[in-house]
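One file, start27.cif, is given below (mmCIF, N, CA and C atoms and all ligand atoms).
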```
data_my_file
#
loop_
_atom_site.label_atom_id
_atom_site.label_comp_id
_atom_site.auth_asym_id
_atom_site.auth_seq_id
_atom_site.Cartn_x
_atom_site.Cartn_y
_atom_site.Cartn_z
N MET A 12 15.13 4.12 -8.13
CA MET A 12 14.47 3.97 -6.85
C MET A 12 15.50 4.23 -5.76
N LEU A 13 15.14 5.10 -4.82
CA LEU A 13 15.99 5.36 -3.67
C LEU A 13 15.36 4.65 -2.48
N ALA A 14 16.13 3.81 -1.80
CA ALA A 14 15.57 3.04 -0.69
C ALA A 14 16.48 3.17 0.54
N ASN A 15 15.89 3.54 1.64
CA ASN A 15 16.60 3.56 2.92
C ASN A 15 16.24 2.27 3.65
N ILE A 16 17.08 1.27 3.50
CA ILE A 16 16.76 -0.06 3.97
C ILE A 16 16.94 -0.19 5.48
N VAL A 17 15.91 -0.68 6.13
CA VAL A 17 15.96 -1.06 7.54
C VAL A 17 15.56 -2.53 7.57
N GLN A 18 16.29 -3.34 8.32
CA GLN A 18 16.06 -4.78 8.30
C GLN A 18 14.88 -5.17 9.18
N ASN A 19 13.67 -4.97 8.66
CA ASN A 19 12.49 -5.48 9.34
C ASN A 19 11.39 -5.72 8.32
N GLU A 20 10.31 -6.32 8.78
CA GLU A 20 9.22 -6.69 7.88
C GLU A 20 8.57 -5.47 7.26
N TYR A 21 8.40 -4.41 8.03
CA TYR A 21 7.74 -3.21 7.52
C TYR A 21 8.46 -2.67 6.29
N TRP A 22 9.78 -2.54 6.39
CA TRP A 22 10.54 -1.95 5.29
C TRP A 22 10.71 -2.94 4.14
N MET A 23 10.70 -4.24 4.44
CA MET A 23 10.71 -5.22 3.35
C MET A 23 9.41 -5.09 2.55
N GLY A 24 8.29 -4.95 3.28
CA GLY A 24 7.02 -4.78 2.59
C GLY A 24 7.00 -3.51 1.75
N THR A 25 7.56 -2.43 2.30
CA THR A 25 7.62 -1.16 1.57
C THR A 25 8.48 -1.30 0.31
N LEU A 26 9.63 -1.93 0.47
CA LEU A 26 10.53 -2.13 -0.68
C LEU A 26 9.85 -2.97 -1.76
N LEU A 27 9.21 -4.06 -1.35
CA LEU A 27 8.51 -4.91 -2.32
C LEU A 27 7.38 -4.15 -3.01
N HIS A 28 6.68 -3.31 -2.24
CA HIS A 28 5.60 -2.50 -2.81
C HIS A 28 6.15 -1.58 -3.91
N GLU A 29 7.22 -0.88 -3.59
CA GLU A 29 7.79 0.06 -4.57
C GLU A 29 8.35 -0.68 -5.78
N LEU A 30 8.94 -1.84 -5.55
CA LEU A 30 9.42 -2.64 -6.69
C LEU A 30 8.26 -3.08 -7.55
N GLY A 31 7.11 -3.35 -6.91
CA GLY A 31 5.91 -3.70 -7.68
C GLY A 31 5.50 -2.56 -8.60
N HIS A 32 5.61 -1.33 -8.11
CA HIS A 32 5.33 -0.17 -8.96
C HIS A 32 6.36 -0.07 -10.09
N SER A 33 7.59 -0.38 -9.77
CA SER A 33 8.65 -0.18 -10.77
C SER A 33 8.49 -1.10 -11.97
N VAL A 34 7.77 -2.19 -11.79
CA VAL A 34 7.52 -3.09 -12.93
C VAL A 34 6.90 -2.30 -14.07
N TYR A 35 6.05 -1.33 -13.71
CA TYR A 35 5.35 -0.55 -14.73
C TYR A 35 6.08 0.74 -15.08
N SER A 36 7.14 1.05 -14.38
CA SER A 36 7.81 2.32 -14.60
C SER A 36 9.24 2.15 -15.11
N SER A 37 9.62 0.94 -15.42
CA SER A 37 10.99 0.68 -15.82
C SER A 37 11.31 1.27 -17.19
N LYS A 38 12.50 1.84 -17.29
CA LYS A 38 12.98 2.33 -18.58
C LYS A 38 13.73 1.21 -19.31
N ASN A 39 13.81 0.04 -18.67
CA ASN A 39 14.61 -1.05 -19.23
C ASN A 39 13.78 -2.15 -19.86
N ILE A 40 12.51 -1.91 -20.08
CA ILE A 40 11.68 -2.90 -20.75
C ILE A 40 12.10 -2.90 -22.23
N PRO A 41 12.49 -4.06 -22.77
CA PRO A 41 13.00 -4.09 -24.15
C PRO A 41 12.00 -3.52 -25.15
N ALA A 42 12.52 -2.78 -26.11
CA ALA A 42 11.69 -2.20 -27.17
C ALA A 42 11.04 -3.29 -28.01
N SER A 43 11.54 -4.51 -27.89
CA SER A 43 10.95 -5.62 -28.66
C SER A 43 9.57 -6.01 -28.11
N GLN A 44 9.28 -5.56 -26.86
CA GLN A 44 7.97 -5.84 -26.29
C GLN A 44 6.91 -4.93 -26.92
N PRO A 45 5.66 -5.40 -26.97
CA PRO A 45 4.61 -4.53 -27.54
C PRO A 45 4.52 -3.21 -26.79
N TYR A 46 4.16 -2.16 -27.52
CA TYR A 46 4.08 -0.80 -26.97
C TYR A 46 3.24 -0.75 -25.70
N LEU A 47 2.08 -1.40 -25.71
CA LEU A 47 1.19 -1.34 -24.56
C LEU A 47 1.81 -1.95 -23.30
N LEU A 48 2.73 -2.89 -23.46
CA LEU A 48 3.39 -3.48 -22.29
C LEU A 48 4.52 -2.59 -21.78
N ARG A 49 4.94 -1.61 -22.57
CA ARG A 49 6.03 -0.72 -22.15
C ARG A 49 5.52 0.59 -21.56
N CYS A 50 4.21 0.82 -21.58
CA CYS A 50 3.63 2.08 -21.08
C CYS A 50 3.21 1.93 -19.62
N GLU A 51 3.01 3.09 -18.98
CA GLU A 51 2.45 3.10 -17.64
C GLU A 51 1.05 2.47 -17.70
N SER A 52 0.75 1.68 -16.71
CA SER A 52 -0.58 1.09 -16.63
C SER A 52 -1.49 2.03 -15.83
N HIS A 53 -2.77 1.73 -15.79
CA HIS A 53 -3.70 2.51 -14.98
C HIS A 53 -3.28 2.40 -13.51
N ILE A 54 -3.48 3.45 -12.74
CA ILE A 54 -3.04 3.47 -11.34
C ILE A 54 -3.66 2.32 -10.53
N LEU A 55 -4.87 1.93 -10.91
CA LEU A 55 -5.51 0.81 -10.22
C LEU A 55 -4.70 -0.48 -10.39
N ALA A 56 -4.20 -0.70 -11.60
CA ALA A 56 -3.40 -1.90 -11.86
C ALA A 56 -2.05 -1.82 -11.18
N THR A 57 -1.38 -0.66 -11.25
CA THR A 57 -0.05 -0.57 -10.64
C THR A 57 -0.13 -0.69 -9.12
N GLU A 58 -1.18 -0.09 -8.52
CA GLU A 58 -1.32 -0.20 -7.07
C GLU A 58 -1.64 -1.64 -6.67
N GLY A 59 -2.49 -2.29 -7.45
CA GLY A 59 -2.83 -3.68 -7.16
C GLY A 59 -1.61 -4.59 -7.22
N VAL A 60 -0.78 -4.40 -8.24
CA VAL A 60 0.44 -5.22 -8.36
C VAL A 60 1.40 -4.89 -7.23
N ALA A 61 1.54 -3.61 -6.89
CA ALA A 61 2.42 -3.21 -5.79
C ALA A 61 1.97 -3.84 -4.47
N MET A 62 0.66 -3.85 -4.23
CA MET A 62 0.13 -4.45 -3.00
C MET A 62 0.32 -5.97 -3.00
N MET A 63 0.23 -6.59 -4.18
CA MET A 63 0.47 -8.03 -4.27
C MET A 63 1.94 -8.35 -3.92
N PHE A 64 2.88 -7.54 -4.45
CA PHE A 64 4.30 -7.75 -4.14
C PHE A 64 4.55 -7.53 -2.65
N GLU A 65 3.92 -6.48 -2.10
CA GLU A 65 4.10 -6.14 -0.68
C GLU A 65 3.75 -7.32 0.23
N ARG A 66 2.76 -8.10 -0.16
CA ARG A 66 2.31 -9.22 0.67
C ARG A 66 3.38 -10.31 0.83
N PHE A 67 4.34 -10.34 -0.07
CA PHE A 67 5.38 -11.37 0.06
C PHE A 67 6.11 -11.28 1.39
N SER A 68 6.21 -10.08 1.97
CA SER A 68 6.95 -9.94 3.23
C SER A 68 6.26 -10.66 4.38
N LYS A 69 5.01 -11.07 4.17
CA LYS A 69 4.27 -11.79 5.22
C LYS A 69 3.99 -13.24 4.82
N GLN A 70 4.63 -13.69 3.75
CA GLN A 70 4.40 -15.07 3.31
C GLN A 70 5.63 -15.91 3.59
N ARG A 71 5.44 -16.87 4.47
CA ARG A 71 6.57 -17.70 4.91
C ARG A 71 7.25 -18.39 3.72
N GLY A 72 6.48 -18.87 2.77
CA GLY A 72 7.07 -19.56 1.61
C GLY A 72 8.06 -18.68 0.87
N TRP A 73 7.71 -17.41 0.68
CA TRP A 73 8.60 -16.49 -0.02
C TRP A 73 9.82 -16.19 0.84
N ILE A 74 9.59 -15.97 2.12
CA ILE A 74 10.69 -15.63 3.03
C ILE A 74 11.72 -16.77 3.07
N GLU A 75 11.23 -18.00 3.10
CA GLU A 75 12.14 -19.15 3.12
C GLU A 75 12.86 -19.30 1.77
N LYS A 76 12.17 -18.98 0.68
CA LYS A 76 12.81 -19.08 -0.64
C LYS A 76 13.94 -18.07 -0.82
N VAL A 77 13.85 -16.92 -0.14
CA VAL A 77 14.94 -15.96 -0.25
C VAL A 77 16.04 -16.23 0.77
N GLY A 78 15.92 -17.33 1.50
CA GLY A 78 17.01 -17.79 2.34
C GLY A 78 16.91 -17.46 3.82
N LEU A 79 15.77 -16.95 4.27
CA LEU A 79 15.63 -16.66 5.69
C LEU A 79 14.99 -17.85 6.40
N LYS A 80 15.38 -18.05 7.65
CA LYS A 80 14.83 -19.16 8.43
C LYS A 80 13.72 -18.62 9.32
N VAL A 81 12.60 -19.35 9.33
CA VAL A 81 11.48 -19.00 10.21
C VAL A 81 11.49 -20.00 11.36
N ALA A 82 11.72 -19.49 12.57
CA ALA A 82 11.91 -20.37 13.73
C ALA A 82 10.64 -21.14 14.08
N ASP A 83 9.50 -20.47 14.08
CA ASP A 83 8.23 -21.10 14.48
C ASP A 83 7.21 -20.86 13.37
N PRO A 84 7.15 -21.75 12.39
CA PRO A 84 6.29 -21.52 11.22
C PRO A 84 4.82 -21.29 11.57
N ALA A 85 4.28 -22.06 12.51
CA ALA A 85 2.86 -21.90 12.84
C ALA A 85 2.59 -20.52 13.46
N ALA A 86 3.46 -20.09 14.37
CA ALA A 86 3.30 -18.78 15.00
C ALA A 86 3.49 -17.66 13.97
N PHE A 87 4.45 -17.85 13.06
CA PHE A 87 4.67 -16.85 12.01
C PHE A 87 3.43 -16.71 11.13
N ASP A 88 2.90 -17.84 10.68
CA ASP A 88 1.72 -17.80 9.80
C ASP A 88 0.54 -17.11 10.47
N GLU A 89 0.32 -17.41 11.75
CA GLU A 89 -0.78 -16.80 12.48
C GLU A 89 -0.57 -15.29 12.64
N ALA A 90 0.64 -14.88 13.02
CA ALA A 90 0.93 -13.46 13.18
C ALA A 90 0.83 -12.73 11.84
N ALA A 91 1.32 -13.35 10.79
CA ALA A 91 1.28 -12.73 9.45
C ALA A 91 -0.17 -12.55 9.00
N ARG A 92 -1.00 -13.55 9.26
CA ARG A 92 -2.42 -13.46 8.87
C ARG A 92 -3.10 -12.31 9.61
N LYS A 93 -2.83 -12.20 10.90
CA LYS A 93 -3.43 -11.11 11.69
C LYS A 93 -2.93 -9.74 11.24
N MET A 94 -1.64 -9.65 10.97
CA MET A 94 -1.08 -8.36 10.51
C MET A 94 -1.71 -7.94 9.19
N GLN A 95 -1.82 -8.90 8.28
CA GLN A 95 -2.41 -8.59 6.97
C GLN A 95 -3.84 -8.09 7.13
N ARG A 96 -4.62 -8.81 7.93
CA ARG A 96 -6.01 -8.42 8.16
C ARG A 96 -6.09 -7.03 8.77
N ASN A 97 -5.31 -6.78 9.82
CA ASN A 97 -5.36 -5.49 10.51
C ASN A 97 -4.91 -4.35 9.61
N GLN A 98 -3.86 -4.59 8.84
CA GLN A 98 -3.39 -3.53 7.94
C GLN A 98 -4.44 -3.17 6.90
N LEU A 99 -5.13 -4.19 6.37
CA LEU A 99 -6.17 -3.92 5.38
C LEU A 99 -7.35 -3.17 6.01
N LEU A 100 -7.72 -3.51 7.23
CA LEU A 100 -8.80 -2.79 7.91
C LEU A 100 -8.42 -1.33 8.15
N ILE A 101 -7.21 -1.11 8.60
CA ILE A 101 -6.74 0.27 8.84
C ILE A 101 -6.68 1.04 7.53
N PHE A 102 -6.18 0.38 6.48
CA PHE A 102 -6.08 1.03 5.17
C PHE A 102 -7.46 1.38 4.63
N SER A 103 -8.44 0.51 4.87
CA SER A 103 -9.79 0.80 4.36
C SER A 103 -10.36 2.05 5.02
N ARG A 104 -10.03 2.29 6.28
CA ARG A 104 -10.50 3.51 6.97
C ARG A 104 -9.79 4.74 6.40
N TRP A 105 -8.50 4.60 6.13
CA TRP A 105 -7.72 5.69 5.54
C TRP A 105 -8.31 6.06 4.16
N CYS A 106 -8.68 5.06 3.39
CA CYS A 106 -9.27 5.31 2.06
C CYS A 106 -10.58 6.09 2.18
N GLN A 107 -11.38 5.81 3.21
CA GLN A 107 -12.62 6.56 3.42
C GLN A 107 -12.33 8.04 3.62
N VAL A 108 -11.29 8.33 4.40
CA VAL A 108 -10.91 9.72 4.66
C VAL A 108 -10.45 10.40 3.37
N MET A 109 -9.57 9.75 2.63
CA MET A 109 -9.01 10.36 1.42
C MET A 109 -10.09 10.61 0.37
N LEU A 110 -10.92 9.61 0.14
CA LEU A 110 -11.99 9.74 -0.86
C LEU A 110 -12.91 10.91 -0.50
N ARG A 111 -13.37 10.96 0.73
CA ARG A 111 -14.32 11.99 1.13
C ARG A 111 -13.67 13.36 1.24
N PHE A 112 -12.39 13.40 1.59
CA PHE A 112 -11.70 14.69 1.64
C PHE A 112 -11.58 15.27 0.22
N GLU A 113 -11.15 14.46 -0.72
CA GLU A 113 -11.02 14.97 -2.09
C GLU A 113 -12.37 15.39 -2.66
N LYS A 114 -13.38 14.56 -2.42
CA LYS A 114 -14.72 14.88 -2.90
C LYS A 114 -15.18 16.22 -2.31
N GLY A 115 -15.02 16.39 -0.99
CA GLY A 115 -15.44 17.62 -0.33
C GLY A 115 -14.62 18.81 -0.78
N MET A 116 -13.34 18.61 -1.02
CA MET A 116 -12.45 19.69 -1.44
C MET A 116 -12.86 20.21 -2.83
N TYR A 117 -13.18 19.30 -3.74
CA TYR A 117 -13.57 19.75 -5.08
C TYR A 117 -14.98 20.34 -5.09
N GLU A 118 -15.84 19.84 -4.22
CA GLU A 118 -17.20 20.39 -4.15
C GLU A 118 -17.21 21.81 -3.60
N ASN A 119 -16.34 22.05 -2.61
CA ASN A 119 -16.32 23.37 -1.97
C ASN A 119 -14.88 23.71 -1.55
N PRO A 120 -14.08 24.20 -2.51
CA PRO A 120 -12.67 24.48 -2.20
C PRO A 120 -12.47 25.65 -1.24
N ASP A 121 -13.49 26.46 -1.02
CA ASP A 121 -13.35 27.62 -0.13
C ASP A 121 -13.64 27.30 1.33
N GLN A 122 -14.10 26.09 1.60
CA GLN A 122 -14.39 25.73 2.99
C GLN A 122 -13.09 25.59 3.79
N ASP A 123 -13.20 25.46 5.09
CA ASP A 123 -12.03 25.23 5.95
C ASP A 123 -11.59 23.78 5.75
N LEU A 124 -10.56 23.57 4.91
CA LEU A 124 -10.13 22.21 4.55
C LEU A 124 -9.49 21.48 5.73
N SER A 125 -8.85 22.23 6.61
CA SER A 125 -8.28 21.61 7.80
C SER A 125 -9.38 21.04 8.69
N GLU A 126 -10.44 21.80 8.84
CA GLU A 126 -11.59 21.32 9.63
C GLU A 126 -12.21 20.09 8.99
N LEU A 127 -12.38 20.13 7.66
CA LEU A 127 -12.93 18.97 6.95
C LEU A 127 -12.06 17.74 7.17
N TRP A 128 -10.74 17.92 7.02
CA TRP A 128 -9.81 16.81 7.18
C TRP A 128 -9.94 16.15 8.55
N TRP A 129 -9.87 16.97 9.59
CA TRP A 129 -9.88 16.41 10.95
C TRP A 129 -11.24 15.84 11.33
N LYS A 130 -12.30 16.40 10.75
CA LYS A 130 -13.64 15.84 10.97
C LYS A 130 -13.72 14.43 10.38
N LEU A 131 -13.17 14.26 9.17
CA LEU A 131 -13.19 12.94 8.52
C LEU A 131 -12.28 11.95 9.25
N VAL A 132 -11.13 12.42 9.69
CA VAL A 132 -10.21 11.55 10.44
C VAL A 132 -10.89 11.04 11.71
N ALA A 133 -11.57 11.94 12.41
CA ALA A 133 -12.27 11.54 13.64
C ALA A 133 -13.38 10.54 13.32
N LYS A 134 -14.15 10.81 12.26
CA LYS A 134 -15.29 9.96 11.92
C LYS A 134 -14.85 8.58 11.45
N TYR A 135 -13.88 8.51 10.53
CA TYR A 135 -13.54 7.22 9.90
C TYR A 135 -12.36 6.49 10.53
N GLN A 136 -11.43 7.22 11.13
CA GLN A 136 -10.27 6.56 11.73
C GLN A 136 -10.33 6.59 13.26
N HIS A 137 -11.34 7.27 13.78
CA HIS A 137 -11.52 7.37 15.24
C HIS A 137 -10.27 7.93 15.92
N LEU A 138 -9.65 8.92 15.26
CA LEU A 138 -8.48 9.56 15.82
C LEU A 138 -8.79 11.03 16.07
N LYS A 139 -8.15 11.61 17.08
CA LYS A 139 -8.31 13.05 17.36
C LYS A 139 -7.00 13.74 17.09
ZN ZN B 201 1.65 2.17 -4.08
#
```
Starting from the file, give its structure as structure tokens.
Amino acid sequence: MLANIVQNEYWMGTLLHELGHSVYSSKNIPASQPYLLRCESHILATEGVAMMFERFSKQRGWIEKVGLKVADPAAFDEAARKMQRNQLLIFSRWCQVMLRFEKGMYENPDQDLSELWWKLVAKYQHLK
């Protein structure tokens, strides 16, 4: 794993996310473990675990356990809750674009894919 570390919550979340993926991609899982535990898991499982690890960057309990001090716990918890909610809402809109773009691309690969992309971005993410 190559990581360009920046000391902030965003990059901590990114690092934790990628480490969550690495759980399933490690070449160092002992051969003594059952074969199925040493193989790549389904992408749904690896992404779910990666997203679970990513959430640690917004959990005060984890942050304090790794030795960081949180000056205002109540304010931190409230901000973290709002960030988590907003990120999930934004991500859900992004997923709408990706799903429909891929579906449209395979249904009609000869169409203007750039036009399809920006039409979906405008519709689901409200961006121009
Ligand atoms: Zn991921």
Practice task
Quote the spacing between atom N of Gly31 (chain A) and atom N of Met12 (chain A) in Å to one decimal place.
Solution key: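 Answer for the atom N of Gly31 (chain A) to atom N of Met12 (chain A) separation: 11.0 Å.
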Handout entry: Which residue of A:Leu26, A:Leu100, A:Leu79, A:Leu48 approaches ligand ZN 201 (chain B) most closely, using only C-alpha atoms and all ligand atoms
Key =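 Answer, going by the shortest atom-to-atom distance: A:Leu26.
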Problem - Members of chain A assigned alpha helix (DSSP H) by DSSP, as a VMD selection string - result: chain A and resid 20 to 36 46 to 49 54 to 65 71 to 76 84 to 118 124 to 131
Exercise for the section: Measuring atom to atom with only C-alpha atoms and all ligand atoms, identify which of A:Glu113, A:Glu65, A:Asp123, A:Glu51 is nearest to ligand ZN 201 (chain B). Expected result: A:Glu65
Handout entry: Selection within 6.5 Å of ligand ZN 201 (chain B) by all atoms listed in the file, output as a list in words
Key =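 Sorted by chain and then by number, the residues are His28, Glu29, Thr57, Glu58, Ala61 and Met62 of chain A.
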Handout entry: Pick from A:Ala90, A:Ala85, A:Leu27, A:Ile74, whichever lies nearest to Val60 (chain A) using all atoms listed in the file
Key =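 Ranked by minimum distance to Val60 (chain A), first place goes to A:Leu27.
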Completion exercise
The residue from A:Ser37, A:Asn119, A:His137, A:Arg92 with the smallest atom-to-atom distance to Arg71 (chain A), counting only C-alpha atoms, is A:Arg92
Exercise for the section: For CA of Trp105 (chain A) and CA of Leu124 (chain A), determine how far apart the two atoms are, in Å to one decimal place. Expected result: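 Distance between the two atoms: 16.7 Å.
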Exercise for the section: Rank A:Asp121, A:Cys50, A:Glu75, A:Ile101 by their smallest atom-to-atom distance to Lys38 (chain A), using only C-alpha atoms, and report the top residue only. Expected result: A:Cys50
